[in-house]
Amino acid sequence: MVYVASQVRAADNTLFTNGFKVADVIGNVGDIHHIFPKAYLRKEIDAPQRLHNQIANYTYLEKRINIAIGEKSPGEYFSQARAAIIEGKPYFGDISDEETLISNLKANCIPEGVFHMTAEDYETFLVERRTLMAQKIRRYFESL
């Protein structure tokens with residue numbers, strides 16, 4: 001996938017980490033995470049598989065972070081991560097300040113509004129993330 005290649009070339013960190021690269025998790029110790037978890041979407045909007053298995057709904061994570069997120073809504077777990085960072089007790093990963101968190105979201109093409117998103121925002125999220133991913137892919141091709 002070209003998007004993942006662009007993340008590898010940019011040496012992007014996986015979501016919620018500072019130093020654990022996308023290149024490190026491909027085929028190894030990472031999980032492909034549904035940003036809007038499948039079980040959450042099924043429960044909240046009875047989403048069919050074709051809707052929740054969208055490329056724009058995937059990101060790489062450390063397995064332990066994926067397990068900790070579980071079936072929470074993005075609004076819940078992204079806000080939980082930010083609150084823990086502000087309190088100086090990172091919960092999901094090793095990011096220790098809000099500036100690095102926002103930078104990590106940008107590197108992973110996560111829309112800034114994710115902190116408040118629920119199932120009703122899923123289709124808007126997909127459009128916004130696809131746009132961010134396309135911009136990253138364009139920058140990748142221009143760098144070749």
# chains A, B, ... in the order shown; residues from 1 in each chain; ligands from 1

call {"tool": "select_by_dssp", "arguments": {"residues": "region 38-112 of chain A", "states": "helix (DSSP H, G or I)", "output": "VMD selection string"}}
result
chain A and resid 38 to 45 49 to 52 55 to 57 63 to 69 74 to 86 98 to 107 112

call {"tool": "write_last_selection", "arguments": {"atoms": "C-alpha atoms", "output": "CSV table (one decimal), in the first residue's frame"}}
result
chain,number,residue,atom,x,y,z
A,38,LYS,CA,-15.4,-2.9,14.5
A,39,ALA,CA,-17.4,-3.9,17.6
A,40,TYR,CA,-18.1,-0.3,18.4
A,41,LEU,CA,-19.4,0.5,15.0
A,42,ARG,CA,-21.5,-2.7,14.9
A,43,LYS,CA,-23.0,-1.8,18.3
A,44,GLU,CA,-23.6,1.9,17.6
A,45,ILE,CA,-24.7,2.0,14.0
A,49,GLN,CA,-18.2,-5.2,7.3
A,50,ARG,CA,-17.6,-3.3,4.1
A,51,LEU,CA,-18.1,0.0,6.0
A,52,HIS,CA,-15.8,-0.7,9.0
A,55,ILE,CA,-8.3,1.5,4.5
A,56,ALA,CA,-9.0,5.0,6.0
A,57,ASN,CA,-10.1,3.2,9.3
A,63,LYS,CA,-0.4,-4.9,20.2
A,64,ARG,CA,-0.6,-3.8,23.8
A,65,ILE,CA,-2.1,-0.4,22.9
A,66,ASN,CA,-4.7,-2.1,20.6
A,67,ILE,CA,-5.8,-4.3,23.4
A,68,ALA,CA,-6.0,-1.4,25.9
A,69,ILE,CA,-8.2,0.5,23.4
A,74,PRO,CA,-12.3,7.3,19.2
A,75,GLY,CA,-13.6,10.2,21.1
A,76,GLU,CA,-13.2,8.3,24.3
A,77,TYR,CA,-9.8,6.7,23.8
A,78,PHE,CA,-8.1,9.7,22.1
A,79,SER,CA,-9.4,12.0,24.9
A,80,GLN,CA,-8.3,9.5,27.5
A,81,ALA,CA,-4.8,9.4,25.9
A,82,ARG,CA,-4.6,13.2,25.8
A,83,ALA,CA,-5.8,13.6,29.4
A,84,ALA,CA,-3.2,11.0,30.6
A,85,ILE,CA,-0.4,12.9,28.8
A,86,ILE,CA,-1.5,16.2,30.3
A,98,GLU,CA,0.5,17.2,23.9
A,99,GLU,CA,2.6,18.8,21.1
A,100,THR,CA,4.2,15.4,20.3
A,101,LEU,CA,0.7,13.8,20.4
A,102,ILE,CA,-0.6,16.3,17.9
A,103,SER,CA,2.4,15.7,15.7
A,104,ASN,CA,1.9,12.0,16.0
A,105,LEU,CA,-1.8,12.4,14.9
A,106,LYS,CA,-0.6,14.4,11.9
A,107,ALA,CA,2.0,11.8,10.9
A,112,GLU,CA,-7.8,16.8,14.8

call {"tool": "residues_around", "arguments": {"residues": "Thr59 (chain A)", "least_positions_apart": "5", "cutoff": "7 Å", "atoms": "only C-alpha atoms", "output": "short mmCIF file (atom, residue, chain, number, x, y, z; two decimals) with N, CA and C atoms, in the first residue's frame"}}
result
data_model
loop_
_atom_site.label_atom_id
_atom_site.label_comp_id
_atom_site.auth_asym_id
_atom_site.auth_seq_id
_atom_site.Cartn_x
_atom_site.Cartn_y
_atom_site.Cartn_z
N ILE A 32 -2.80 -4.18 13.14
CA ILE A 32 -3.56 -3.23 12.34
C ILE A 32 -4.81 -2.93 13.16
N HIS A 33 -4.95 -1.69 13.52
CA HIS A 33 -6.01 -1.24 14.42
C HIS A 33 -7.10 -0.54 13.62
N HIS A 34 -8.36 -0.83 13.95
CA HIS A 34 -9.48 -0.07 13.42
C HIS A 34 -9.63 1.17 14.31
N ILE A 35 -9.43 2.34 13.75
CA ILE A 35 -9.52 3.57 14.54
C ILE A 35 -10.91 3.69 15.16
#

call {"tool": "select_by_dssp", "arguments": {"residues": "chain A", "states": "strand (DSSP E)", "output": "list in words"}}
result
Gly30, Asp31, Ile32, His33, His34, Tyr58, Thr59, Tyr60, Leu61 and Glu62 of chain A

call {"tool": "atom_distance", "arguments": {"atom1": "CA of Ala47 (chain A)", "atom2": "CA of Thr118 (chain A)"}}
result
13.2 Å

call {"tool": "closest_residue", "arguments": {"among": "A:Asp97, A:Gly70, A:Asn108, A:Val114", "to": "Val8 (chain A)", "atoms": "only C-alpha atoms"}}
result
A:Asn108

call {"tool": "residues_around", "arguments": {"residues": "Glu128 (chain A)", "least_positions_apart": "5", "cutoff": "9 Å", "atoms": "only C-alpha atoms", "output": "list of chain:residue names"}}
result
A:Cys109, A:Ile110, A:Pro111, A:Glu123, A:Met133

call {"tool": "write_last_selection", "arguments": {"atoms": "N, CA and C atoms", "output": "compact mmCIF listing (two decimals), in the first residue's frame"}}
result
# COMPACT_ATOMS: atom_id res chain seq x y z
N CYS A 109 -2.07 10.83 9.90
CA CYS A 109 -3.22 11.35 9.14
C CYS A 109 -4.54 11.20 9.90
N ILE A 110 -4.50 11.48 11.18
CA ILE A 110 -5.70 11.41 12.01
C ILE A 110 -6.26 12.83 12.13
N PRO A 111 -7.51 13.04 11.73
CA PRO A 111 -8.10 14.39 11.82
C PRO A 111 -8.11 14.89 13.27
N GLU A 123 -18.51 8.54 8.94
CA GLU A 123 -18.35 8.82 7.51
C GLU A 123 -17.60 10.13 7.28
N MET A 133 -4.62 11.36 3.97
CA MET A 133 -3.79 10.28 3.43
C MET A 133 -3.37 10.58 2.00

call {"tool": "atom_distance", "arguments": {"atom1": "CA of Gly27 (chain A)", "atom2": "CA of Met1 (chain A)"}}
result
13.4 Å

call {"tool": "residues_around", "arguments": {"residues": "Ala11 (chain A)", "least_positions_apart": "6", "cutoff": "10 Å", "atoms": "only C-alpha atoms", "output": "PyMOL selection string"}}
result
chain A and resi 5+19-24+107

call {"tool": "write_last_selection", "arguments": {"atoms": "C-alpha atoms", "output": "CSV table (one decimal), in the first residue's frame"}}
result
chain,number,residue,atom,x,y,z
A,5,ALA,CA,5.2,3.2,2.0
A,19,GLY,CA,10.1,6.0,18.6
A,20,PHE,CA,8.3,2.9,17.6
A,21,LYS,CA,8.3,3.2,13.8
A,22,VAL,CA,5.7,2.0,11.3
A,23,ALA,CA,8.5,0.1,9.6
A,24,ASP,CA,9.1,-1.8,12.8
A,107,ALA,CA,2.0,11.8,10.9

call {"tool": "closest_residue", "arguments": {"among": "A:Arg138, A:Ser73, A:Ser143, A:Glu62", "to": "Val2 (chain A)", "atoms": "only C-alpha atoms"}}
result
A:Arg138

call {"tool": "atom_distance", "arguments": {"atom1": "CA of Ile95 (chain A)", "atom2": "CA of Thr124 (chain A)"}}
result
26.8 Å

call {"tool": "closest_residue", "arguments": {"among": "A:Gly93, A:Tyr60, A:Lys136, A:Pro48", "to": "Ile26 (chain A)", "atoms": "only C-alpha atoms"}}
result
A:Tyr60
